[in-house]
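Asker: This is upload.cif, which holds mmCIF, C-alpha atoms and all ligand atoms:
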```
data_protein
#
loop_
_atom_site.group_PDB
_atom_site.id
_atom_site.type_symbol
_atom_site.label_atom_id
_atom_site.label_comp_id
_atom_site.auth_asym_id
_atom_site.auth_seq_id
_atom_site.Cartn_x
_atom_site.Cartn_y
_atom_site.Cartn_z
ATOM 1 C CA MET A 1 10.854 19.847 4.338
ATOM 2 C CA THR A 2 7.990 20.767 6.556
ATOM 3 C CA ALA A 3 6.680 19.715 9.888
ATOM 4 C CA THR A 4 3.361 21.361 9.792
ATOM 5 C CA SER A 5 -0.093 20.460 10.830
ATOM 6 C CA LYS A 6 -2.533 21.268 8.101
ATOM 7 C CA SER A 7 -5.997 20.298 7.188
ATOM 8 C CA ALA A 8 -5.563 20.227 3.417
ATOM 9 C CA THR A 9 -7.867 17.788 1.708
ATOM 10 C CA SER A 10 -6.437 18.144 -1.780
ATOM 11 C CA ARG A 11 -3.126 16.715 -2.832
ATOM 12 C CA PRO A 12 -0.349 19.309 -2.767
ATOM 13 C CA ALA A 13 1.203 20.263 -6.092
ATOM 14 C CA THR A 14 4.230 18.246 -7.134
ATOM 15 C CA MET A 15 7.542 19.936 -6.510
ATOM 16 C CA SER A 16 9.946 20.567 -9.357
ATOM 17 C CA ARG A 17 12.534 18.200 -7.930
ATOM 18 C CA PRO A 18 10.764 15.345 -6.200
ATOM 19 C CA ALA A 19 11.907 14.389 -2.761
ATOM 20 C CA ALA A 20 13.116 10.811 -2.596
ATOM 21 C CA LEU A 21 10.586 10.123 0.120
ATOM 22 C CA ARG A 22 7.720 12.320 1.042
ATOM 23 C CA ALA A 23 4.898 12.134 3.534
ATOM 24 C CA ASP A 24 2.055 14.563 2.973
ATOM 25 C CA ASP A 25 -0.193 15.138 5.933
ATOM 26 C CA VAL A 26 -0.096 11.477 6.930
ATOM 27 C CA SER A 27 -2.400 10.340 9.713
ATOM 28 C CA VAL A 28 -2.985 6.871 11.056
ATOM 29 C CA VAL A 29 -6.070 6.431 13.200
ATOM 30 C CA ILE A 30 -6.830 3.005 14.647
ATOM 31 C CA ASP A 31 -9.883 2.355 16.827
ATOM 32 C CA GLY A 32 -10.421 6.080 17.177
ATOM 33 C CA ARG A 33 -6.880 6.671 18.438
ATOM 34 C CA THR A 34 -4.525 8.870 16.448
ATOM 35 C CA LEU A 35 -1.234 6.975 16.318
ATOM 36 C CA VAL A 36 0.226 9.360 13.742
ATOM 37 C CA GLY A 37 -1.275 12.803 13.279
ATOM 38 C CA ASN A 38 -0.768 15.061 10.243
ATOM 39 C CA VAL A 39 2.860 14.295 9.609
ATOM 40 C CA SER A 40 4.480 15.997 6.633
ATOM 41 C CA LEU A 41 8.079 15.291 5.829
ATOM 42 C CA GLU A 42 10.301 15.484 2.783
ATOM 43 C CA VAL A 43 13.535 13.584 2.617
ATOM 44 C CA ALA A 44 15.919 14.754 -0.090
ATOM 45 C CA PRO A 45 17.836 12.275 -2.241
ATOM 46 C CA GLY A 46 20.896 11.079 -0.312
ATOM 47 C CA GLU A 47 19.735 12.534 2.957
ATOM 48 C CA VAL A 48 19.856 10.472 6.156
ATOM 49 C CA VAL A 49 17.150 11.475 8.603
ATOM 50 C CA ALA A 50 16.819 10.164 12.142
ATOM 51 C CA LEU A 51 13.404 9.573 13.636
ATOM 52 C CA VAL A 52 13.500 9.813 17.406
ATOM 53 C CA GLY A 53 10.986 10.055 20.219
ATOM 54 C CA PRO A 54 9.801 8.211 23.308
ATOM 55 C CA ASN A 55 8.377 4.688 23.218
ATOM 56 C CA GLY A 56 4.933 4.729 21.678
ATOM 57 C CA ALA A 57 5.483 8.074 19.931
ATOM 58 C CA GLY A 58 4.432 6.572 16.593
ATOM 59 C CA LYS A 59 7.824 6.109 14.910
ATOM 60 C CA SER A 60 7.261 2.514 13.804
ATOM 61 C CA THR A 61 3.722 3.307 12.713
ATOM 62 C CA LEU A 62 4.928 6.188 10.545
ATOM 63 C CA LEU A 63 7.697 4.035 9.068
ATOM 64 C CA ARG A 64 5.173 1.298 8.278
ATOM 65 C CA THR A 65 3.292 3.740 6.075
ATOM 66 C CA PHE A 66 6.574 4.402 4.209
ATOM 67 C CA TYR A 67 7.158 0.776 3.274
ATOM 68 C CA ARG A 68 3.464 0.261 2.707
ATOM 69 C CA ALA A 69 2.791 -2.187 5.504
ATOM 70 C CA LEU A 70 0.096 0.218 6.655
ATOM 71 C CA ARG A 71 -2.164 2.465 4.624
ATOM 72 C CA PRO A 72 -2.504 5.958 6.087
ATOM 73 C CA THR A 73 -6.024 6.813 7.186
ATOM 74 C CA SER A 74 -5.454 10.076 5.360
ATOM 75 C CA GLY A 75 -2.568 11.669 3.527
ATOM 76 C CA TRP A 76 -0.053 10.344 1.013
ATOM 77 C CA VAL A 77 3.332 8.741 0.920
ATOM 78 C CA SER A 78 5.371 9.114 -2.228
ATOM 79 C CA LEU A 79 8.680 7.696 -3.312
ATOM 80 C CA ASP A 80 10.645 9.214 -6.169
ATOM 81 C CA GLY A 81 7.594 11.315 -6.961
ATOM 82 C CA GLU A 82 5.124 8.410 -7.152
ATOM 83 C CA ASP A 83 2.323 7.605 -4.733
ATOM 84 C CA VAL A 84 3.489 4.286 -3.253
ATOM 85 C CA TRP A 85 -0.054 2.894 -3.173
ATOM 86 C CA ARG A 86 -0.411 3.302 -6.929
ATOM 87 C CA MET A 87 2.706 1.286 -7.731
ATOM 88 C CA THR A 88 3.325 -2.462 -7.714
ATOM 89 C CA GLY A 89 5.032 -4.267 -4.865
ATOM 90 C CA ARG A 90 7.898 -5.070 -7.196
ATOM 91 C CA TRP A 91 8.334 -1.421 -8.171
ATOM 92 C CA LEU A 92 8.479 -0.491 -4.516
ATOM 93 C CA ALA A 93 10.870 -3.299 -3.537
ATOM 94 C CA GLN A 94 13.309 -2.260 -6.250
ATOM 95 C CA ARG A 95 13.454 1.223 -4.757
ATOM 96 C CA LEU A 96 12.882 0.861 -1.046
ATOM 97 C CA ALA A 97 14.380 -1.581 1.436
ATOM 98 C CA ALA A 98 13.121 -1.886 4.997
ATOM 99 C CA VAL A 99 14.954 -3.149 8.057
ATOM 100 C CA LEU A 100 12.317 -3.925 10.628
ATOM 101 C CA GLN A 101 12.341 -4.220 14.362
ATOM 102 C CA GLU A 102 10.894 -7.693 14.566
ATOM 103 C CA ALA A 103 13.244 -10.353 13.218
ATOM 104 C CA PRO A 104 11.093 -12.664 11.134
ATOM 105 C CA GLY A 105 11.274 -16.372 11.897
ATOM 106 C CA GLU A 106 13.247 -17.476 8.864
ATOM 107 C CA PHE A 107 13.023 -21.186 9.662
ATOM 108 C CA GLU A 108 15.590 -23.443 8.112
ATOM 109 C CA LEU A 109 17.194 -20.708 6.081
ATOM 110 C CA THR A 110 20.899 -20.086 6.183
ATOM 111 C CA VAL A 111 22.242 -16.591 6.632
ATOM 112 C CA TYR A 112 23.244 -16.628 2.961
ATOM 113 C CA ASP A 113 19.677 -17.507 1.909
ATOM 114 C CA VAL A 114 18.179 -14.746 4.032
ATOM 115 C CA VAL A 115 20.467 -12.147 2.460
ATOM 116 C CA ALA A 116 19.894 -13.596 -1.038
ATOM 117 C CA MET A 117 16.154 -12.887 -0.545
ATOM 118 C CA GLY A 118 17.117 -9.261 -1.001
ATOM 119 C CA ARG A 119 17.765 -9.992 -4.689
ATOM 120 C CA THR A 120 14.167 -11.191 -5.336
ATOM 121 C CA PRO A 121 12.746 -7.854 -6.545
ATOM 122 C CA HIS A 122 15.379 -7.781 -9.292
ATOM 123 C CA LYS A 123 14.632 -11.248 -10.665
ATOM 124 C CA ARG A 124 12.000 -12.797 -12.851
ATOM 125 C CA MET A 125 9.924 -15.647 -11.500
ATOM 126 C CA PHE A 126 11.956 -18.849 -11.047
ATOM 127 C CA GLN A 127 15.113 -17.095 -12.164
ATOM 128 C CA GLY A 128 18.024 -18.424 -10.130
ATOM 129 C CA ASP A 129 20.892 -16.459 -8.653
ATOM 130 C CA ASP A 130 23.622 -15.566 -11.100
ATOM 131 C CA ALA A 131 27.236 -14.610 -10.469
ATOM 132 C CA ASP A 132 26.242 -10.979 -10.036
ATOM 133 C CA ASP A 133 23.719 -11.858 -7.331
ATOM 134 C CA ARG A 134 26.268 -13.987 -5.508
ATOM 135 C CA ARG A 135 28.808 -11.179 -5.645
ATOM 136 C CA ILE A 136 26.282 -8.697 -4.251
ATOM 137 C CA VAL A 137 25.191 -11.087 -1.483
ATOM 138 C CA MET A 138 28.768 -11.892 -0.477
ATOM 139 C CA GLY A 139 29.602 -8.187 -0.507
ATOM 140 C CA ALA A 140 26.649 -7.409 1.778
ATOM 141 C CA LEU A 141 27.624 -10.228 4.155
ATOM 142 C CA ALA A 142 31.167 -8.859 4.338
ATOM 143 C CA ASP A 143 29.950 -5.281 4.841
ATOM 144 C CA LEU A 144 27.979 -6.357 7.908
ATOM 145 C CA ASP A 145 30.745 -8.582 9.240
ATOM 146 C CA VAL A 146 28.666 -11.753 8.954
ATOM 147 C CA ALA A 147 30.455 -13.487 6.046
ATOM 148 C CA ASP A 148 31.780 -16.199 8.341
ATOM 149 C CA LEU A 149 28.179 -17.001 9.335
ATOM 150 C CA ALA A 150 26.999 -17.452 5.725
ATOM 151 C CA GLN A 151 26.157 -21.130 6.131
ATOM 152 C CA ALA A 152 24.819 -20.876 9.695
ATOM 153 C CA PRO A 153 21.067 -21.294 10.290
ATOM 154 C CA PHE A 154 19.603 -17.805 10.707
ATOM 155 C CA ASP A 155 17.438 -18.866 13.651
ATOM 156 C CA ARG A 156 20.446 -19.763 15.766
ATOM 157 C CA LEU A 157 22.121 -16.377 15.615
ATOM 158 C CA SER A 158 22.235 -13.886 18.462
ATOM 159 C CA GLY A 159 19.960 -10.854 18.312
ATOM 160 C CA GLY A 160 22.783 -8.621 17.128
ATOM 161 C CA GLU A 161 23.926 -11.074 14.467
ATOM 162 C CA LYS A 162 20.353 -11.414 13.183
ATOM 163 C CA GLN A 163 20.060 -7.657 13.037
ATOM 164 C CA ARG A 164 23.219 -7.399 10.957
ATOM 165 C CA VAL A 165 22.000 -10.119 8.592
ATOM 166 C CA LEU A 166 18.742 -8.225 8.077
ATOM 167 C CA ILE A 167 20.665 -5.048 7.307
ATOM 168 C CA ALA A 168 22.769 -7.088 4.851
ATOM 169 C CA ARG A 169 19.567 -8.314 3.202
ATOM 170 C CA ALA A 170 18.388 -4.723 2.760
ATOM 171 C CA LEU A 171 21.801 -3.847 1.324
ATOM 172 C CA ALA A 172 21.612 -6.705 -1.181
ATOM 173 C CA GLN A 173 18.310 -5.249 -2.347
ATOM 174 C CA ARG A 174 20.280 -2.302 -3.792
ATOM 175 C CA ALA A 175 17.411 0.106 -3.220
ATOM 176 C CA GLY A 176 17.995 3.840 -3.375
ATOM 177 C CA THR A 177 15.963 4.440 -0.229
ATOM 178 C CA MET A 178 16.103 2.629 3.067
ATOM 179 C CA VAL A 179 13.760 2.702 6.023
ATOM 180 C CA LEU A 180 15.273 1.288 9.185
ATOM 181 C CA ASP A 181 13.426 0.762 12.453
ATOM 182 C CA GLU A 182 15.908 0.767 15.322
ATOM 183 C CA PRO A 183 18.516 -1.124 13.312
ATOM 184 C CA THR A 184 21.220 -0.712 15.937
ATOM 185 C CA ASN A 185 19.205 -1.928 18.912
ATOM 186 C CA HIS A 186 20.957 -5.210 19.564
ATOM 187 C CA LEU A 187 24.334 -4.157 18.256
ATOM 188 C CA ASP A 188 27.482 -3.626 20.261
ATOM 189 C CA LEU A 189 29.165 -0.242 19.993
ATOM 190 C CA ARG A 190 31.564 -1.209 17.184
ATOM 191 C CA HIS A 191 28.782 -2.714 15.072
ATOM 192 C CA GLN A 192 26.492 0.266 15.731
ATOM 193 C CA LEU A 193 29.159 2.574 14.366
ATOM 194 C CA ASP A 194 29.839 0.279 11.430
ATOM 195 C CA ALA A 195 26.155 0.060 10.496
ATOM 196 C CA LEU A 196 25.585 3.808 10.598
ATOM 197 C CA GLN A 197 28.867 4.571 8.850
ATOM 198 C CA LEU A 198 27.901 2.111 6.152
ATOM 199 C CA LEU A 199 24.571 3.844 5.680
ATOM 200 C CA ARG A 200 26.436 7.086 5.029
ATOM 201 C CA ARG A 201 28.953 5.472 2.724
ATOM 202 C CA LEU A 202 26.214 3.925 0.582
ATOM 203 C CA GLU A 203 24.852 7.388 -0.177
ATOM 204 C CA VAL A 204 21.293 6.105 0.027
ATOM 205 C CA THR A 205 18.328 8.118 1.177
ATOM 206 C CA ALA A 206 17.402 6.845 4.608
ATOM 207 C CA VAL A 207 14.948 7.334 7.418
ATOM 208 C CA VAL A 208 16.189 5.596 10.516
ATOM 209 C CA ALA A 209 14.445 5.295 13.865
ATOM 210 C CA LEU A 210 17.066 5.510 16.600
ATOM 211 C CA HIS A 211 16.968 5.703 20.366
ATOM 212 C CA ASP A 212 20.534 6.832 20.787
ATOM 213 C CA LEU A 213 20.395 10.588 20.302
ATOM 214 C CA ASN A 214 24.183 10.900 20.248
ATOM 215 C CA MET A 215 24.371 8.415 17.382
ATOM 216 C CA ALA A 216 21.543 10.263 15.624
ATOM 217 C CA ALA A 217 23.446 13.547 16.022
ATOM 218 C CA ALA A 218 26.704 12.057 14.796
ATOM 219 C CA PHE A 219 25.377 10.339 11.668
ATOM 220 C CA CYS A 220 22.209 12.028 10.496
ATOM 221 C CA ASP A 221 21.671 15.188 8.488
ATOM 222 C CA ARG A 222 18.471 16.005 10.265
ATOM 223 C CA ILE A 223 16.566 14.758 13.261
ATOM 224 C CA CYS A 224 12.794 14.419 13.372
ATOM 225 C CA VAL A 225 11.312 14.230 16.828
ATOM 226 C CA MET A 226 7.965 12.544 17.326
ATOM 227 C CA ASP A 227 5.877 12.756 20.443
ATOM 228 C CA ALA A 228 2.379 11.335 20.869
ATOM 229 C CA GLY A 229 1.968 10.800 17.133
ATOM 230 C CA ARG A 230 3.053 14.299 16.126
ATOM 231 C CA LEU A 231 6.192 15.543 14.526
ATOM 232 C CA VAL A 232 7.246 18.134 17.091
ATOM 233 C CA ALA A 233 10.662 19.189 15.780
ATOM 234 C CA VAL A 234 12.638 18.753 12.586
ATOM 235 C CA GLY A 235 16.046 20.088 11.726
ATOM 236 C CA PRO A 236 19.809 19.673 11.961
ATOM 237 C CA PRO A 237 20.944 17.985 15.204
ATOM 238 C CA ALA A 238 22.369 21.171 16.674
ATOM 239 C CA GLU A 239 19.060 22.980 16.255
ATOM 240 C CA VAL A 240 16.795 20.195 17.432
ATOM 241 C CA LEU A 241 18.659 18.652 20.355
ATOM 242 C CA THR A 242 18.214 21.294 22.994
ATOM 243 C CA ALA A 243 17.853 20.839 26.732
ATOM 244 C CA SER A 244 14.338 22.276 26.612
ATOM 245 C CA LEU A 245 13.216 19.866 23.894
ATOM 246 C CA LEU A 246 14.679 16.908 25.791
ATOM 247 C CA ALA A 247 12.897 18.044 28.936
ATOM 248 C CA GLU A 248 9.625 18.465 27.130
ATOM 249 C CA VAL A 249 9.639 15.309 25.029
ATOM 250 C CA TYR A 250 11.599 12.853 27.147
ATOM 251 C CA ARG A 251 11.103 14.462 30.566
ATOM 252 C CA VAL A 252 14.769 14.327 31.344
ATOM 253 C CA ASP A 253 17.226 16.881 32.612
ATOM 254 C CA ALA A 254 20.063 16.851 30.091
ATOM 255 C CA GLU A 255 23.175 18.840 29.378
ATOM 256 C CA VAL A 256 23.820 19.444 25.716
ATOM 257 C CA SER A 257 27.465 20.087 24.947
ATOM 258 C CA HIS A 258 29.609 19.701 21.873
ATOM 259 C CA HIS A 259 31.888 16.813 21.207
ATOM 260 C CA PRO A 260 35.444 18.062 21.766
ATOM 261 C CA ARG A 261 36.706 16.462 18.553
ATOM 262 C CA THR A 262 33.757 16.537 16.177
ATOM 263 C CA GLY A 263 31.683 19.465 17.429
ATOM 264 C CA VAL A 264 28.555 17.307 17.189
ATOM 265 C CA PRO A 265 25.957 17.890 19.935
ATOM 266 C CA GLN A 266 26.427 15.499 22.834
ATOM 267 C CA ILE A 267 23.764 14.748 25.360
ATOM 268 C CA SER A 268 24.473 13.813 28.940
ATOM 269 C CA VAL A 269 21.479 12.991 31.009
ATOM 270 C CA VAL A 270 21.482 14.136 34.609
ATOM 271 C CA PRO A 271 20.099 11.496 36.976
ATOM 272 C CA GLY A 272 16.802 12.294 38.603
ATOM 273 C CA SER A 273 13.752 13.789 36.988
ATOM 274 C CA PRO A 274 13.283 17.397 38.011
ATOM 275 C CA PHE A 275 10.728 17.915 35.246
ATOM 276 C CA GLY A 276 9.156 14.655 36.164
ATOM 277 C CA MET A 277 5.657 13.679 35.707
ATOM 278 C CA SER A 278 6.504 10.440 37.454
ATOM 279 C CA HIS A 279 8.829 11.514 40.283
ATOM 280 C CA ARG A 280 7.704 14.993 41.137
ATOM 281 C CA PRO A 281 8.678 16.134 44.630
ATOM 282 C CA ASP A 282 5.579 16.920 46.663
ATOM 283 C CA ALA A 283 5.161 20.150 48.534
ATOM 284 C CA ASP A 284 6.574 18.475 51.641
ATOM 285 C CA GLY A 285 9.611 17.281 49.719
ATOM 286 C CA ALA A 286 8.553 13.655 49.514
ATOM 287 C CA ILE A 287 8.866 11.912 46.176
ATOM 288 C CA SER A 288 5.619 10.709 44.721
ATOM 289 C CA THR A 289 5.410 8.250 41.859
HETATM 290 P P1 LIG B 301 7.192 3.760 18.585
HETATM 291 O O1 LIG B 301 7.735 2.986 17.431
HETATM 292 O O2 LIG B 301 7.462 5.226 18.513
HETATM 293 O O3 LIG B 301 7.623 3.211 19.918
HETATM 294 P P2 LIG B 301 4.663 2.737 17.637
HETATM 295 O O4 LIG B 301 4.481 3.382 16.314
HETATM 296 O O5 LIG B 301 5.094 1.320 17.633
HETATM 297 O O6 LIG B 301 5.602 3.627 18.550
HETATM 298 O O7 LIG B 301 3.305 2.804 18.417
HETATM 299 C C1 LIG B 301 2.596 4.015 18.632
HETATM 300 C C2 LIG B 301 1.349 3.716 19.430
HETATM 301 O O8 LIG B 301 0.435 3.021 18.613
HETATM 302 C C3 LIG B 301 1.582 2.815 20.636
HETATM 303 O O9 LIG B 301 0.808 3.294 21.685
HETATM 304 C C4 LIG B 301 1.130 1.466 20.172
HETATM 305 O O10 LIG B 301 0.651 0.697 21.234
HETATM 306 C C5 LIG B 301 0.018 1.816 19.207
HETATM 307 N N1 LIG B 301 -0.158 0.848 18.111
HETATM 308 C C6 LIG B 301 0.781 0.438 17.244
HETATM 309 N N2 LIG B 301 0.267 -0.393 16.331
HETATM 310 C C7 LIG B 301 -1.049 -0.516 16.625
HETATM 311 C C8 LIG B 301 -2.130 -1.246 16.057
HETATM 312 N N3 LIG B 301 -1.973 -2.007 14.987
HETATM 313 N N4 LIG B 301 -3.334 -1.116 16.631
HETATM 314 C C9 LIG B 301 -3.514 -0.317 17.698
HETATM 315 N N5 LIG B 301 -2.544 0.384 18.288
HETATM 316 C C10 LIG B 301 -1.315 0.291 17.766
HETATM 317 MG MG MG B 302 9.016 1.415 17.300
#
```
Go ahead and express the file in the form of structure tokens.
Ligand code: ADP
Ligand code: MG

Answerer:
Amino acid sequence: MTATSKSATSRPATMSRPAALRADDVSVVIDGRTLVGNVSLEVAPGEVVALVGPNGAGKSTLLRTFYRALRPTSGWVSLDGEDVWRMTGRWLAQRLAAVLQEAPGEFELTVYDVVAMGRTPHKRMFQGDDADDRRIVMGALADLDVADLAQAPFDRLSGGEKQRVLIARALAQRAGTMVLDEPTNHLDLRHQLDALQLLRRLEVTAVVALHDLNMAAAFCDRICVMDAGRLVAVGPPAEVLTASLLAEVYRVDAEVSHHPRTGVPQISVVPGSPFGMSHRPDADGAIST
């Protein structure tokens, strides 16, 4: 795994054991603005990687290149050793499931139907659901604690319920790799834990954008920090989540301790913004904004 800026124009040689997901020098430039700049990242099979960083850092944009919603301006994205842009949509959907930030308007569909859509990449045209599909869909509904909503119209659910249904749909897709963009955003604490625990239990390869750094530290093998389109730090939580990084990237004063029971890094933010760009005390002690 690398987090380097490089100006290579030729495609790097294939590694002996392909990463499940790999970004090679990926840049996304829109209207002359670099939203993602020279990001290289390798995610090993079974690894769960958190993508963190301030609003607008480029996390969603990078993830969109992974599930092929956005073509990088330069660089490559490969899945299981294959350039995703050279493969069919069906090939990709059998291997990669995405849980996106925006809940689509799934008009008229029941929760069951939305989750059953996850089976589509595994079916031939016009092939109906068989007993296996129904078992997988019901299992995914139960895993996300939404089985009792199976016949409810998707559009009427709360934000958190919708989010769980969309995770269930990705689960029903039975893809080896998952890309999740803030999947825990609307979830209460119990359901946040359940969702992330589930991700670990599935033993899938995952890249998950998260805002909660403590959750990222507790559940992810490595943390990738993005800031202004760049990957600025990559590594195990204990190496990456330092007070100086949090000050630099998030402009917060934070204490980093270790959880008394798990040893995982724990971040407590100290109110105020002593490093602040936005609330810097003036020479006369007044606070300017
Ligand atoms: P994050 O997910 O880290 O909050 P995003 O990847 O959504 O950040 O956005 C990164 C930056 O790119 C933001 O400033 C956003 O406004 C901008 N941006 C995102 N998509 C587009 C687009 N299609 N066209 C122009 N700018 C975009
Ligand atoms: Mg985003």

Asker: May I ask you to write as a ChimeraX atom specification all residues lying at most 9 Å from ligand LIG 301 (chain B), with only C-alpha atoms and all ligand atoms counted?

Answerer: /A:29-31,33-36,51-64,70,181-182,209,226-229

Asker: Could you write out as a ChimeraX atom specification the residues that the PyMOL selection byres (((chain A and resi 219) around 8) and not hetatm) matches in the shown file?

Answerer: /A:48,196-197,200,215-218,220-221

Asker: I'd like the contact shell of A:Ala206 - 9 Å cut-off, all atoms listed in the file, skipping same-chain residues fewer than 4 positions apart - returned as a VMD selection string.

Answerer: chain A and resid 21 43 45 to 50 176 to 180 199

Asker: Could you write out that same residue set with C-alpha atoms as a PDB file, in the coordinates of the input?

Answerer:
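Now in out_23.pdb:
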```pdb
ATOM      1  CA  LEU A  21      10.586  10.123   0.120  1.00  0.00           C
ATOM      2  CA  VAL A  43      13.535  13.584   2.617  1.00  0.00           C
ATOM      3  CA  PRO A  45      17.836  12.275  -2.241  1.00  0.00           C
ATOM      4  CA  GLY A  46      20.896  11.079  -0.312  1.00  0.00           C
ATOM      5  CA  GLU A  47      19.735  12.534   2.957  1.00  0.00           C
ATOM      6  CA  VAL A  48      19.856  10.472   6.156  1.00  0.00           C
ATOM      7  CA  VAL A  49      17.150  11.475   8.603  1.00  0.00           C
ATOM      8  CA  ALA A  50      16.819  10.164  12.142  1.00  0.00           C
ATOM      9  CA  GLY A 176      17.995   3.840  -3.375  1.00  0.00           C
ATOM     10  CA  THR A 177      15.963   4.440  -0.229  1.00  0.00           C
ATOM     11  CA  MET A 178      16.103   2.629   3.067  1.00  0.00           C
ATOM     12  CA  VAL A 179      13.760   2.702   6.023  1.00  0.00           C
ATOM     13  CA  LEU A 180      15.273   1.288   9.185  1.00  0.00           C
ATOM     14  CA  LEU A 199      24.571   3.844   5.680  1.00  0.00           C
TER      15      LEU A 199
END
```

Asker: Evaluating the PyMOL selection byres (((chain A and resi 164-171) around 7) and not hetatm) on the displayed file yields which residues, as a list in words?

Answerer: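 When the PyMOL selection byres (((chain A and resi 164-171) around 7) and not hetatm) is applied to the shown file, the picked residues are Ala97, Ala98, Val99, Val111, Val114, Val115, Ala116, Met117, Gly118, Ala140, Leu141, Leu144, Val146, Gly160, Glu161, Lys162, Gln163, Ala172, Gln173 and Arg174 of chain A.
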
Asker: With C-alpha atoms kept, could you save the residues just selected as a compact mmCIF listing (two decimals), in the coordinates of the input?

Answerer:
```txt
# COMPACT_ATOMS: atom_id res chain seq x y z
CA ALA A 97 14.38 -1.58 1.44
CA ALA A 98 13.12 -1.89 5.00
CA VAL A 99 14.95 -3.15 8.06
CA VAL A 111 22.24 -16.59 6.63
CA VAL A 114 18.18 -14.75 4.03
CA VAL A 115 20.47 -12.15 2.46
CA ALA A 116 19.89 -13.60 -1.04
CA MET A 117 16.15 -12.89 -0.55
CA GLY A 118 17.12 -9.26 -1.00
CA ALA A 140 26.65 -7.41 1.78
CA LEU A 141 27.62 -10.23 4.16
CA LEU A 144 27.98 -6.36 7.91
CA VAL A 146 28.67 -11.75 8.95
CA GLY A 160 22.78 -8.62 17.13
CA GLU A 161 23.93 -11.07 14.47
CA LYS A 162 20.35 -11.41 13.18
CA GLN A 163 20.06 -7.66 13.04
CA ALA A 172 21.61 -6.70 -1.18
CA GLN A 173 18.31 -5.25 -2.35
CA ARG A 174 20.28 -2.30 -3.79
```

Asker: Once the PyMOL selection byres (((chain A and resi 78-87) around 8) and not hetatm) has been applied to the shown file, what residues remain in the selection, as a list in words?

Answerer: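 Applying the expression gives Thr14, Pro18, Ala19, Ala20, Leu21, Arg22, Ala23, Arg68, Trp76, Val77, Thr88, Gly89, Trp91 and Leu92 of chain A.
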
Asker: Considering only C-alpha atoms, state which residue in the set A:Ala131, A:Ala254, A:Leu189, A:Leu41 is at the smallest distance from A:Ile223.

Answerer: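 Closest to A:Ile223 of all the choices is A:Leu41.
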
Asker: Hey, which of A:Pro237, A:Asp148, A:Asp143, A:Gln94 ends up closest to A:Leu202? Count all atoms listed in the file.

Answerer: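 The closest residue to A:Leu202 is A:Asp143.
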